[in-house]
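Here is the file run-v4.txt (compact mmCIF, C-alpha atoms and all ligand atoms).
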```
# COMPACT_ATOMS: atom_id res chain seq x y z
CA MET M 1 -21.50 134.46 8.01
CA ALA M 2 -21.46 136.30 4.70
CA ASN M 3 -23.86 135.44 1.91
CA LEU M 4 -21.88 133.98 -1.02
CA ASN M 5 -24.86 133.58 -3.37
CA THR M 6 -24.20 135.12 -6.73
CA HIS M 7 -25.03 134.92 -10.44
CA TYR M 8 -23.00 133.78 -13.40
CA MET M 9 -24.40 133.74 -16.95
CA GLY M 10 -27.87 134.25 -15.47
CA LEU M 11 -27.50 131.11 -13.34
CA ALA M 12 -28.02 131.44 -9.61
CA ILE M 13 -24.99 129.88 -7.93
CA LYS M 14 -24.43 129.40 -4.21
CA ASN M 15 -20.89 130.77 -4.41
CA PRO M 16 -18.54 131.96 -7.17
CA ILE M 17 -16.25 128.89 -7.18
CA ILE M 18 -16.71 126.87 -10.37
CA VAL M 19 -14.76 123.73 -11.16
CA SER M 20 -13.38 124.26 -14.63
CA SER M 21 -13.59 121.82 -17.48
CA SER M 22 -11.14 118.95 -17.02
CA GLY M 23 -10.88 115.22 -16.48
CA LEU M 24 -11.95 115.85 -12.88
CA CYS M 25 -15.47 116.50 -14.15
CA ASN M 26 -15.60 113.36 -16.23
CA SER M 27 -17.17 110.95 -13.74
CA ILE M 28 -20.40 111.06 -11.78
CA GLU M 29 -18.48 110.03 -8.66
CA ASN M 30 -16.32 113.17 -8.93
CA LEU M 31 -19.29 115.42 -9.65
CA ILE M 32 -20.87 114.23 -6.40
CA LYS M 33 -17.59 114.96 -4.57
CA ILE M 34 -17.36 118.39 -6.23
CA GLU M 35 -20.87 119.27 -5.04
CA ALA M 36 -20.18 117.93 -1.54
CA ALA M 37 -16.98 120.01 -1.32
CA GLY M 38 -19.12 123.11 -1.92
CA ALA M 39 -18.58 124.21 -5.55
CA GLY M 40 -21.07 126.70 -7.00
CA ALA M 41 -21.15 125.01 -10.42
CA VAL M 42 -19.17 122.67 -12.61
CA VAL M 43 -18.05 122.71 -16.23
CA LEU M 44 -17.94 119.23 -17.75
CA LYS M 45 -14.90 117.96 -19.65
CA SER M 46 -15.06 119.30 -23.20
CA ILE M 47 -16.19 117.20 -26.07
CA PHE M 48 -13.46 117.89 -28.62
CA GLU M 49 -14.03 118.61 -32.28
CA GLU M 50 -10.74 116.88 -33.13
CA GLN M 51 -11.80 113.82 -31.15
CA ILE M 52 -15.10 113.61 -33.02
CA MET M 53 -13.48 114.07 -36.40
CA MET M 54 -10.76 111.53 -35.62
CA GLU M 55 -13.26 108.97 -34.40
CA ALA M 56 -15.34 109.51 -37.51
CA ASP M 57 -12.25 108.96 -39.69
CA ASN M 58 -11.22 105.86 -37.74
CA PHE M 59 -14.70 104.42 -37.76
CA ILE M 60 -14.25 102.17 -40.74
CA ASP M 61 -11.18 100.50 -39.19
CA SER M 62 -12.69 100.32 -35.73
CA SER M 63 -12.66 97.00 -33.88
CA ASP M 64 -15.49 98.12 -31.55
CA SER M 65 -17.82 95.10 -31.57
CA SER M 66 -20.87 97.25 -30.79
CA LEU M 67 -20.37 98.88 -34.16
CA SER M 68 -19.59 95.76 -36.15
CA ALA M 69 -23.16 94.99 -37.28
CA MET M 70 -23.61 98.55 -38.41
CA LYS M 71 -20.25 98.49 -40.19
CA LYS M 72 -21.09 95.24 -41.92
CA GLY M 73 -24.23 96.89 -43.27
CA PHE M 74 -22.18 99.81 -44.53
CA ASN M 75 -19.60 97.50 -46.08
CA ASP M 76 -22.38 95.65 -47.91
CA ILE M 77 -23.66 98.95 -49.21
CA LEU M 78 -20.17 99.89 -50.38
CA THR M 79 -19.56 96.47 -51.97
CA ASN M 80 -22.87 96.47 -53.82
CA ARG M 81 -22.47 100.13 -54.70
CA SER M 82 -26.23 100.35 -54.28
CA TYR M 83 -25.66 103.84 -52.89
CA ASP M 84 -23.41 106.58 -54.00
CA TYR M 85 -20.00 106.01 -52.37
CA ILE M 86 -19.63 109.57 -51.01
CA GLU M 87 -23.13 109.45 -49.64
CA ALA M 88 -22.40 106.20 -47.82
CA MET M 89 -19.15 107.60 -46.39
CA ASP M 90 -20.99 110.68 -45.13
CA TYR M 91 -23.59 108.46 -43.58
CA MET M 92 -20.90 106.47 -41.79
CA LYS M 93 -19.16 109.57 -40.51
CA ASN M 94 -22.42 110.94 -39.21
CA PHE M 95 -23.09 107.66 -37.48
CA ALA M 96 -19.65 107.79 -35.81
CA LYS M 97 -20.21 111.41 -34.72
CA GLU M 98 -23.57 110.44 -33.29
CA HIS M 99 -21.93 107.55 -31.41
CA THR M 100 -19.37 109.87 -29.76
CA LEU M 101 -21.91 112.56 -29.01
CA LYS M 102 -24.40 110.12 -27.49
CA ALA M 103 -21.97 109.12 -24.74
CA TYR M 104 -21.57 112.81 -23.84
CA LEU M 105 -25.32 113.44 -23.86
CA ASP M 106 -25.97 110.37 -21.70
CA PHE M 107 -23.38 111.67 -19.23
CA ILE M 108 -25.14 115.06 -19.02
CA LYS M 109 -28.47 113.33 -18.32
CA VAL M 110 -27.03 111.23 -15.48
CA ALA M 111 -25.09 114.23 -14.12
CA LYS M 112 -28.29 116.29 -13.94
CA LYS M 113 -29.96 113.55 -11.90
CA SER M 114 -26.94 113.11 -9.61
CA VAL M 115 -26.17 116.67 -8.46
CA ASN M 116 -28.10 119.90 -7.92
CA ILE M 117 -25.42 122.44 -8.83
CA PRO M 118 -25.61 123.90 -12.36
CA ILE M 119 -24.00 121.74 -15.03
CA ILE M 120 -22.21 123.66 -17.75
CA ALA M 121 -21.37 121.51 -20.77
CA SER M 122 -18.33 122.32 -22.88
CA ILE M 123 -17.48 121.92 -26.52
CA ASN M 124 -14.06 122.54 -27.94
CA CYS M 125 -14.27 124.33 -31.26
CA VAL M 126 -11.33 124.76 -33.56
CA SER M 127 -13.32 125.55 -36.69
CA ALA M 128 -16.79 126.60 -37.79
CA TYR M 129 -17.83 122.93 -37.88
CA ASP M 130 -21.38 121.79 -36.99
CA TRP M 131 -21.38 123.10 -33.41
CA SER M 132 -24.91 124.39 -33.58
CA PHE M 133 -26.19 120.85 -34.05
CA PHE M 134 -24.21 119.58 -31.03
CA ALA M 135 -25.22 122.56 -28.93
CA LYS M 136 -28.89 121.86 -29.59
CA ARG M 137 -28.51 118.24 -28.50
CA ILE M 138 -26.60 119.31 -25.38
CA GLN M 139 -29.44 121.65 -24.44
CA GLU M 140 -31.98 118.88 -24.98
CA ALA M 141 -29.93 116.59 -22.70
CA GLY M 142 -30.52 119.10 -19.89
CA ALA M 143 -27.28 121.11 -19.54
CA ASP M 144 -27.90 124.40 -17.74
CA ALA M 145 -25.42 126.29 -19.89
CA LEU M 146 -22.81 125.74 -22.53
CA GLU M 147 -19.19 126.85 -22.59
CA LEU M 148 -17.67 127.13 -26.04
CA ASN M 149 -14.01 126.37 -25.61
CA PHE M 150 -12.52 128.45 -28.42
CA TYR M 151 -9.05 127.20 -28.35
CA ILE M 152 -7.58 128.40 -31.55
CA LEU M 153 -3.91 129.35 -31.84
CA PRO M 154 -3.82 132.17 -34.40
CA SER M 155 -0.72 130.77 -36.09
CA ASP M 156 -1.94 130.70 -39.70
CA VAL M 157 0.11 133.19 -41.73
CA ASN M 158 -2.70 133.47 -44.24
CA LYS M 159 -5.29 134.57 -41.69
CA THR M 160 -5.67 138.11 -40.40
CA ALA M 161 -6.91 138.96 -36.91
CA ALA M 162 -10.20 140.04 -38.51
CA MET M 163 -10.61 136.59 -40.07
CA TYR M 164 -10.26 134.89 -36.69
CA ASP M 165 -12.75 137.35 -35.16
CA GLU M 166 -15.16 136.64 -38.00
CA MET M 167 -14.87 132.91 -37.39
CA TYR M 168 -15.66 133.35 -33.68
CA GLN M 169 -18.68 135.49 -34.51
CA LYS M 170 -19.91 132.92 -37.03
CA ILE M 171 -19.69 130.05 -34.53
CA ILE M 172 -21.59 132.08 -31.93
CA SER M 173 -24.33 133.18 -34.31
CA ASP M 174 -24.76 129.62 -35.61
CA VAL M 175 -24.99 128.20 -32.09
CA LYS M 176 -27.34 130.98 -30.93
CA LYS M 177 -29.82 130.02 -33.64
CA PHE M 178 -30.29 126.62 -32.03
CA VAL M 179 -30.06 127.11 -28.27
CA THR M 180 -31.65 129.24 -25.61
CA ILE M 181 -29.48 128.18 -22.65
CA PRO M 182 -26.75 130.68 -21.70
CA ILE M 183 -23.54 130.43 -23.68
CA SER M 184 -20.09 131.44 -22.55
CA LEU M 185 -16.83 131.64 -24.45
CA LYS M 186 -13.63 130.30 -22.98
CA LEU M 187 -10.99 132.36 -24.67
CA SER M 188 -7.26 132.44 -24.99
CA TYR M 189 -5.24 135.62 -24.59
CA TYR M 190 -3.78 135.27 -28.09
CA SER M 191 -5.59 138.18 -29.63
CA SER M 192 -3.92 141.12 -31.31
CA SER M 193 -6.50 143.59 -30.05
CA LEU M 194 -7.86 141.86 -27.02
CA VAL M 195 -10.13 144.55 -25.58
CA ASN M 196 -11.77 145.41 -28.88
CA THR M 197 -12.22 141.77 -29.92
CA PHE M 198 -13.62 140.75 -26.55
CA MET M 199 -15.98 143.74 -26.36
CA GLU M 200 -17.36 142.88 -29.79
CA LEU M 201 -17.74 139.22 -28.81
CA SER M 202 -19.53 140.20 -25.60
CA LYS M 203 -22.20 141.92 -27.69
CA SER M 204 -22.94 138.80 -29.74
CA GLY M 205 -25.62 137.46 -27.39
CA ILE M 206 -23.33 135.41 -25.16
CA SER M 207 -23.82 135.40 -21.38
CA GLY M 208 -20.27 134.93 -20.17
CA MET M 209 -16.57 134.93 -21.03
CA VAL M 210 -13.91 132.85 -19.33
CA LEU M 211 -10.54 134.61 -19.10
CA PHE M 212 -8.48 132.57 -19.96
CA ASN M 213 -7.89 129.02 -21.02
CA LYS M 214 -4.39 127.85 -20.14
CA PRO M 215 -2.64 127.08 -23.40
CA TYR M 216 -0.72 123.88 -23.84
CA ASN M 217 2.86 125.08 -24.08
CA PRO M 218 5.59 123.09 -25.74
CA ASP M 219 9.03 123.08 -24.12
CA ILE M 220 12.47 121.86 -25.21
CA ASN M 221 14.41 119.07 -23.54
CA ILE M 222 18.04 120.18 -23.93
CA ASN M 223 19.46 116.76 -22.95
CA LYS M 224 17.50 114.90 -25.62
CA VAL M 225 17.46 117.93 -27.94
CA GLU M 226 13.80 117.47 -28.69
CA ILE M 227 10.46 119.18 -28.17
CA SER M 228 8.82 118.17 -24.92
CA SER M 229 5.59 119.00 -23.15
CA GLY M 230 5.41 122.08 -20.92
CA LYS M 231 3.79 122.05 -17.49
CA ILE M 232 0.15 121.00 -17.56
CA TYR M 233 -0.84 122.45 -14.20
CA SER M 234 -0.74 126.15 -13.50
CA SER M 235 1.38 127.81 -10.83
CA PRO M 236 -0.08 130.07 -8.15
CA ASP M 237 1.23 133.28 -9.77
CA GLU M 238 -0.36 132.63 -13.15
CA TYR M 239 -3.58 134.37 -12.09
CA GLN M 240 -2.06 137.78 -12.77
CA ARG M 241 -2.84 137.78 -16.48
CA SER M 242 -6.49 136.99 -15.79
CA LEU M 243 -6.53 139.61 -13.06
CA ARG M 244 -5.32 142.39 -15.36
CA TRP M 245 -7.71 141.65 -18.23
CA THR M 246 -10.66 140.98 -15.94
CA ALA M 247 -10.04 144.34 -14.27
CA ILE M 248 -9.79 146.09 -17.67
CA LEU M 249 -12.87 144.42 -19.17
CA SER M 250 -15.16 144.40 -16.14
CA GLY M 251 -17.91 147.01 -16.42
CA ARG M 252 -17.21 147.40 -20.13
CA VAL M 253 -18.29 144.09 -21.62
CA GLY M 254 -21.91 143.14 -22.14
CA CYS M 255 -21.69 139.78 -20.34
CA ASP M 256 -20.43 138.13 -17.15
CA LEU M 257 -16.80 137.25 -16.61
CA ALA M 258 -15.24 134.18 -15.03
CA ALA M 259 -11.55 134.39 -14.24
CA SER M 260 -9.57 131.24 -14.84
CA THR M 261 -5.97 130.00 -14.52
CA GLY M 262 -3.82 130.16 -11.42
CA VAL M 263 -6.48 130.01 -8.71
CA HIS M 264 -4.60 128.18 -5.96
CA GLY M 265 -5.95 129.88 -2.83
CA TYR M 266 -8.88 131.91 -1.48
CA GLU M 267 -6.73 135.06 -1.65
CA THR M 268 -6.70 134.76 -5.45
CA VAL M 269 -10.47 134.24 -5.48
CA VAL M 270 -10.85 137.50 -3.53
CA LYS M 271 -8.47 139.37 -5.87
CA LEU M 272 -10.28 138.20 -9.01
CA LEU M 273 -13.67 139.17 -7.57
CA LEU M 274 -12.28 142.59 -6.63
CA ALA M 275 -11.02 142.87 -10.22
CA GLY M 276 -14.62 142.33 -11.37
CA SER M 277 -15.14 138.67 -12.17
CA ASN M 278 -18.55 137.16 -11.44
CA ALA M 279 -17.02 133.77 -10.75
CA VAL M 280 -13.68 132.00 -10.78
CA GLN M 281 -12.79 128.65 -12.28
CA VAL M 282 -10.35 126.20 -10.78
CA ALA M 283 -8.70 122.95 -11.92
CA SER M 284 -4.94 122.55 -11.19
CA LEU M 285 -5.33 123.12 -7.44
CA LEU M 286 -7.87 120.28 -7.29
CA TYR M 287 -5.64 117.95 -9.30
CA GLU M 288 -2.69 118.67 -7.03
CA LYS M 289 -4.36 118.82 -3.63
CA GLY M 290 -7.73 117.12 -4.05
CA ILE M 291 -11.33 118.09 -4.73
CA GLU M 292 -11.83 118.89 -1.02
CA GLU M 293 -9.77 122.07 -1.58
CA ILE M 294 -12.96 123.67 -2.92
CA ASN M 295 -14.07 123.84 0.69
CA THR M 296 -10.87 125.68 1.67
CA LEU M 297 -11.57 128.30 -1.03
CA VAL M 298 -15.19 128.76 0.06
CA THR M 299 -14.30 128.97 3.75
CA GLY M 300 -11.43 131.38 3.10
CA LEU M 301 -13.64 133.66 1.00
CA ASN M 302 -16.31 133.64 3.69
CA LYS M 303 -13.78 134.47 6.41
CA TRP M 304 -12.26 137.32 4.39
CA MET M 305 -15.71 138.80 3.75
CA ASP M 306 -16.54 138.63 7.47
CA GLU M 307 -13.23 140.28 8.39
CA HIS M 308 -13.92 143.08 5.91
CA ASN M 309 -17.58 143.43 6.79
CA PHE M 310 -18.86 142.50 3.35
CA LYS M 311 -22.24 140.82 3.59
CA THR M 312 -22.60 139.97 -0.12
CA ILE M 313 -20.31 139.44 -3.11
CA ASP M 314 -21.86 142.42 -4.91
CA GLU M 315 -20.66 144.76 -2.16
CA PHE M 316 -17.05 144.37 -3.27
CA ARG M 317 -17.13 142.75 -6.73
CA GLY M 318 -15.37 145.01 -9.23
CA LYS M 319 -14.24 147.50 -6.56
CA LEU M 320 -10.77 147.44 -8.12
CA SER M 321 -11.79 147.14 -11.76
CA GLN M 322 -10.37 149.73 -14.12
CA VAL M 323 -13.62 151.69 -14.35
CA ASN M 324 -13.74 151.99 -10.56
CA ILE M 325 -10.22 152.98 -9.60
CA GLU M 326 -8.76 156.45 -9.38
CA ASN M 327 -5.70 155.74 -11.48
CA PRO M 328 -6.80 153.43 -14.34
CA ALA M 329 -3.31 153.57 -15.88
CA VAL M 330 -1.88 151.25 -13.21
CA LEU M 331 -3.55 148.32 -14.92
CA GLU M 332 -2.06 149.25 -18.28
CA ARG M 333 1.50 149.89 -17.18
CA VAL M 334 3.82 147.53 -19.02
CA GLN M 335 7.21 148.85 -17.91
CA PHE M 336 8.00 149.04 -14.23
CA MET M 337 10.52 151.85 -14.22
CA LYS M 338 10.12 152.47 -10.50
CA SER M 339 10.36 148.80 -9.57
CA TYR M 340 13.25 148.17 -11.93
CA ALA M 341 15.04 151.27 -10.64
CA ASN M 342 14.78 149.93 -7.08
CA ILE M 343 16.19 146.56 -8.12
CA ILE M 344 19.09 148.11 -10.05
C1 LIG O 1 -5.75 117.68 -17.05
C2 LIG O 1 -6.50 118.87 -17.58
C3 LIG O 1 -7.53 118.69 -18.50
C4 LIG O 1 -8.21 119.80 -19.03
N1 LIG O 1 -9.23 119.60 -19.92
C5 LIG O 1 -9.92 120.68 -20.39
C6 LIG O 1 -11.02 120.53 -21.26
O1 LIG O 1 -11.43 119.43 -21.63
N2 LIG O 1 -11.65 121.66 -21.69
C7 LIG O 1 -11.27 122.91 -21.29
O2 LIG O 1 -11.90 123.90 -21.68
N3 LIG O 1 -10.23 123.09 -20.45
C8 LIG O 1 -9.56 122.01 -20.00
N4 LIG O 1 -8.51 122.20 -19.13
C9 LIG O 1 -8.13 123.57 -18.76
C10 LIG O 1 -8.77 123.95 -17.43
O3 LIG O 1 -10.18 123.98 -17.53
C11 LIG O 1 -8.30 125.34 -16.98
O4 LIG O 1 -8.74 126.31 -17.89
C12 LIG O 1 -6.78 125.43 -16.85
O5 LIG O 1 -6.25 124.29 -16.22
C13 LIG O 1 -6.39 126.66 -16.05
O6 LIG O 1 -6.98 126.67 -14.77
P1 LIG O 1 -6.15 126.21 -13.46
O7 LIG O 1 -5.02 127.14 -13.32
O8 LIG O 1 -7.13 126.30 -12.34
O9 LIG O 1 -5.70 124.82 -13.71
C14 LIG O 1 -7.84 121.10 -18.60
C15 LIG O 1 -6.82 121.27 -17.64
C16 LIG O 1 -6.16 120.18 -17.13
C17 LIG O 1 -5.08 120.41 -16.10
```

When written as structure tokens, how does the structure in this file appear?
Amino acid sequence: MANLNTHYMGLAIKNPIIVSSSGLCNSIENLIKIEAAGAGAVVLKSIFEEQIMMEADNFIDSSDSSLSAMKKGFNDILTNRSYDYIEAMDYMKNFAKEHTLKAYLDFIKVAKKSVNIPIIASINCVSAYDWSFFAKRIQEAGADALELNFYILPSDVNKTAAMYDEMYQKIISDVKKFVTIPISLKLSYYSSSLVNTFMELSKSGISGMVLFNKPYNPDININKVEISSGKIYSSPDEYQRSLRWTAILSGRVGCDLAASTGVHGYETVVKLLLAGSNAVQVASLLYEKGIEEINTLVTGLNKWMDEHNFKTIDEFRGKLSQVNIENPAVLERVQFMKSYANII
């Protein structure tokens, strides 16, 4: 039996299979199942900036009875104008933010008592909003690490690539001022100079990078002639993008790497480790086939290592990363002249 123990973001994990942030990680019952199925760690469902802002905006109209006494107090303040109006509104928004955050913090506390695998919390940032404050509270609640889900589509015509990079760096430096637990960035591949941007980000004091988040993709329904939703779950061949960039970045970045998107079998886990990832993250497979599939991944990895006489993950991790292969250009080839020639 091979030894699957490894490290990710400075956390000791019993194997490199991490359940990625999703609704699957949103109940204690599932976290217990995830641990029982053999996962090395779990990333909780993200708390979304948009969700917090929306709830804060909707707070005044809310019919939530638990908030009604508080709201009545605020309404009295507003009616009597005993406080400055803006000040009162800010106070209300902060209260609503606190309300949303508290549920997340309570969940972390119960999760920590319910399972022994590392719990990585996740916050979804789309701006340089007050993440440092949330991150501090998440650390206090007992999370072992924090994944910053940077899911920003660089679609603003007025923003240059440098402006986006600057925003990422600002969020990281703000968060780093308030927390000591390891931080990872979950990134999208929409970057005009991916290697340079990611290398710079890896030097900002973070402990890990997740390559990549799966973007929500719109589609078009040609019968209704309207925009529709693309596929939510990944397909088994979607790992190839993560494989290429993991292989290119491994050994060059100053932090750990977790490969994500398209992990549907142990073979893909092996490939991504060979490319140089410290861990892999998985979601769609578990939605489609059940949480128990974690066990199939762990068993398959173990069997492959035995068959290839690898006793530890470190013996083969990164063996096929760009810095370790004889012909580094194969990972950068974008036109397949030979393959195309054979097809034609
Ligand atoms: C239903 C669903 C919910 C998700 N929710 C989150 C989330 O809250 N935060 C996040 O960072 N990623 C979220 N993801 C993305 C996954 O964590 C993962 O990055 C993506 O599904 C690609 O991995 P996969 O191919 O193993 O599914 C979600 C994915 C799915 C399918």

If you take every atom of segment 39-51 of chain M that the file lists and fit an axis-aligned box around them with 3 Å extra on each side, what centre and edge lengths come out in Å to one decimal, as AutoDock Vina command-line options?
```
--center_x -15.9 --center_y 120.3 --center_z -19.3 --size_x 16.4 --size_y 18.9 --size_z 33.6
```

Nearest to Ile232 of chain M by atom-to-atom distance, counting all atoms listed in the file, from M:Ala37, M:Val175, M:Leu285, M:Ile28: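 Nearest to Ile232 of chain M: M:Leu285.
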
Distance of atom C8 of ligand LIG 1 (chain O) from atom CA of Val269 of chain M, expressed in Å to one decimal place: 19.0 Å

Return as CSV the residues of chain M lying at most 10 Å from ligand LIG 1 (chain O), together with the closest atom-to-atom pair for each and the distance in Å to one decimal, counting all atoms listed in the file, with rows in chain order and ascending residue number.
```
residue,atom,partner,partner_atom,distance
M:Ile18,CA,O:LIG1,O8,9.8
M:Val19,CA,O:LIG1,O3,7.8
M:Ser20,CA,O:LIG1,O3,4.3
M:Ser21,CA,O:LIG1,O3,4.0
M:Ser22,CA,O:LIG1,N1,3.5
M:Gly23,CA,O:LIG1,C3,5.2
M:Leu24,CA,O:LIG1,C1,7.7
M:Cys25,CA,O:LIG1,O1,9.0
M:Asn26,CA,O:LIG1,O1,9.1
M:Val43,CA,O:LIG1,O3,8.1
M:Leu44,CA,O:LIG1,O1,7.6
M:Lys45,CA,O:LIG1,O1,4.3
M:Ser46,CA,O:LIG1,O1,4.0
M:Ile47,CA,O:LIG1,O1,6.9
M:Phe48,CA,O:LIG1,O1,7.4
M:Ala121,CA,O:LIG1,N2,9.8
M:Ser122,CA,O:LIG1,O2,6.7
M:Ile123,CA,O:LIG1,N2,7.6
M:Asn124,CA,O:LIG1,N2,6.8
M:Cys125,CA,O:LIG1,O2,9.9
M:Glu147,CA,O:LIG1,O2,7.9
M:Leu148,CA,O:LIG1,O2,7.9
M:Asn149,CA,O:LIG1,O2,5.1
M:Phe150,CA,O:LIG1,O2,8.2
M:Tyr151,CA,O:LIG1,O2,8.0
M:Leu185,CA,O:LIG1,O2,9.6
M:Lys186,CA,O:LIG1,O2,6.8
M:Leu187,CA,O:LIG1,O2,9.0
M:Ser188,CA,O:LIG1,O4,9.5
M:Val210,CA,O:LIG1,O4,8.5
M:Leu211,CA,O:LIG1,O4,8.6
M:Phe212,CA,O:LIG1,O4,6.6
M:Asn213,CA,O:LIG1,O4,4.2
M:Lys214,CA,O:LIG1,C13,4.7
M:Pro215,CA,O:LIG1,C12,7.9
M:Tyr216,CA,O:LIG1,C9,9.0
M:Lys231,CA,O:LIG1,C17,9.1
M:Ile232,CA,O:LIG1,C17,5.5
M:Tyr233,CA,O:LIG1,C17,5.1
M:Ser234,CA,O:LIG1,O7,4.4
M:Ser235,CA,O:LIG1,O7,6.9
M:Pro236,CA,O:LIG1,O7,7.7
M:Asp237,CA,O:LIG1,O7,9.5
M:Glu238,CA,O:LIG1,O7,7.2
M:Tyr239,CA,O:LIG1,O7,7.5
M:Ala259,CA,O:LIG1,O6,9.0
M:Ser260,CA,O:LIG1,O6,5.3
M:Thr261,CA,O:LIG1,O7,3.2
M:Gly262,CA,O:LIG1,O7,3.8
M:Val263,CA,O:LIG1,O8,5.2
M:His264,CA,O:LIG1,O8,7.1
M:Val280,CA,O:LIG1,O8,8.8
M:Gln281,CA,O:LIG1,O8,6.1
M:Val282,CA,O:LIG1,O8,3.6
M:Ala283,CA,O:LIG1,O8,3.7
M:Ser284,CA,O:LIG1,O9,3.5
M:Leu285,CA,O:LIG1,O8,6.1
M:Leu286,CA,O:LIG1,O8,7.9
M:Tyr287,CA,O:LIG1,C17,7.3
M:Glu288,CA,O:LIG1,C17,9.5
```

How close does segment 155-175 of chain M get to segment 196-202 of chain M? List, as a Markdown table, each residue of segment 155-175 of chain M within 12 Å, its nearest atom pair and the distance in Å to one decimal, counting all atoms listed in the file.
```
| residue | atom | partner | partner_atom | distance |
| --- | --- | --- | --- | --- |
| M:Ala161 | CA | M:Thr197 | CA | 9.2 |
| M:Ala162 | CA | M:Thr197 | CA | 9.0 |
| M:Met163 | CA | M:Thr197 | CA | 11.5 |
| M:Tyr164 | CA | M:Thr197 | CA | 9.8 |
| M:Asp165 | CA | M:Thr197 | CA | 6.9 |
| M:Glu166 | CA | M:Leu201 | CA | 9.9 |
| M:Met167 | CA | M:Leu201 | CA | 11.0 |
| M:Tyr168 | CA | M:Leu201 | CA | 7.9 |
| M:Gln169 | CA | M:Leu201 | CA | 6.9 |
| M:Lys170 | CA | M:Leu201 | CA | 10.6 |
| M:Ile171 | CA | M:Leu201 | CA | 11.0 |
| M:Ile172 | CA | M:Leu201 | CA | 8.7 |
| M:Ser173 | CA | M:Leu201 | CA | 10.5 |
```

File of the preceding selection, C-alpha atoms, as a PDB file, keeping the file's coordinate frame:
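This is the output file result04.pdb:
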```pdb
ATOM      1  CA  ALA M 161      -6.910 138.960 -36.910  1.00  0.00           C
ATOM      2  CA  ALA M 162     -10.200 140.040 -38.510  1.00  0.00           C
ATOM      3  CA  MET M 163     -10.610 136.590 -40.070  1.00  0.00           C
ATOM      4  CA  TYR M 164     -10.260 134.890 -36.690  1.00  0.00           C
ATOM      5  CA  ASP M 165     -12.750 137.350 -35.160  1.00  0.00           C
ATOM      6  CA  GLU M 166     -15.160 136.640 -38.000  1.00  0.00           C
ATOM      7  CA  MET M 167     -14.870 132.910 -37.390  1.00  0.00           C
ATOM      8  CA  TYR M 168     -15.660 133.350 -33.680  1.00  0.00           C
ATOM      9  CA  GLN M 169     -18.680 135.490 -34.510  1.00  0.00           C
ATOM     10  CA  LYS M 170     -19.910 132.920 -37.030  1.00  0.00           C
ATOM     11  CA  ILE M 171     -19.690 130.050 -34.530  1.00  0.00           C
ATOM     12  CA  ILE M 172     -21.590 132.080 -31.930  1.00  0.00           C
ATOM     13  CA  SER M 173     -24.330 133.180 -34.310  1.00  0.00           C
TER      14      SER M 173
END
```

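Picture a line from atom CA of Pro118 of chain M to atom CA of Tyr104 of chain M; it runs 16.5 Å.
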
Interatomic distance (Å, one decimal) between atom CA of Lys319 of chain M and atom CA of Ser192 of chain M: 27.6 Å

Among the residues M:Val157, M:Leu249, M:Ile34, M:Val42, the one that comes closest to Leu194 of chain M [using all atoms listed in the file]: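 The closest residue to Leu194 of chain M is M:Leu249.
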
Closest of M:Pro328, M:Gly251, M:Gly230, M:Pro154 to Pro218 of chain M - atom-to-atom distances counting all atoms listed in the file: M:Gly230

Fewer than 5 positions away in the same chain doesn't count, so skip those; otherwise give me all residues within 6 Å of Ser228 of chain M, counting only C-alpha atoms, as a PDB file with C-alpha atoms, in the coordinates of the input.
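Saved result, out.pdb, follows:
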```
ATOM      1  CA  PRO M 218       5.590 123.090 -25.740  1.00  0.00           C
ATOM      2  CA  ASP M 219       9.030 123.080 -24.120  1.00  0.00           C
ATOM      3  CA  ILE M 220      12.470 121.860 -25.210  1.00  0.00           C
ATOM      4  CA  ASN M 221      14.410 119.070 -23.540  1.00  0.00           C
TER       5      ASN M 221
END
```

With a cut-off of 12 Å, could you pull out the residues of segment 201-284 of chain M touching segment 310-316 of chain M and give me the nearest pair of atoms for each, distance in Å to one decimal, using all atoms listed in the file, ordered by chain and ascending number, as JSON lines?
```
{"residue": "M:Val269", "atom": "CA", "partner": "M:Ile313", "partner_atom": "CA", "distance": 11.4}
{"residue": "M:Val270", "atom": "CA", "partner": "M:Phe316", "partner_atom": "CA", "distance": 9.3}
{"residue": "M:Lys271", "atom": "CA", "partner": "M:Phe316", "partner_atom": "CA", "distance": 10.3}
{"residue": "M:Leu272", "atom": "CA", "partner": "M:Phe316", "partner_atom": "CA", "distance": 10.8}
{"residue": "M:Leu273", "atom": "CA", "partner": "M:Phe316", "partner_atom": "CA", "distance": 7.5}
{"residue": "M:Leu274", "atom": "CA", "partner": "M:Phe316", "partner_atom": "CA", "distance": 6.1}
{"residue": "M:Ala275", "atom": "CA", "partner": "M:Phe316", "partner_atom": "CA", "distance": 9.3}
{"residue": "M:Gly276", "atom": "CA", "partner": "M:Phe316", "partner_atom": "CA", "distance": 8.7}
{"residue": "M:Ser277", "atom": "CA", "partner": "M:Ile313", "partner_atom": "CA", "distance": 10.5}
{"residue": "M:Asn278", "atom": "CA", "partner": "M:Ile313", "partner_atom": "CA", "distance": 8.8}
{"residue": "M:Ala279", "atom": "CA", "partner": "M:Ile313", "partner_atom": "CA", "distance": 10.1}
```
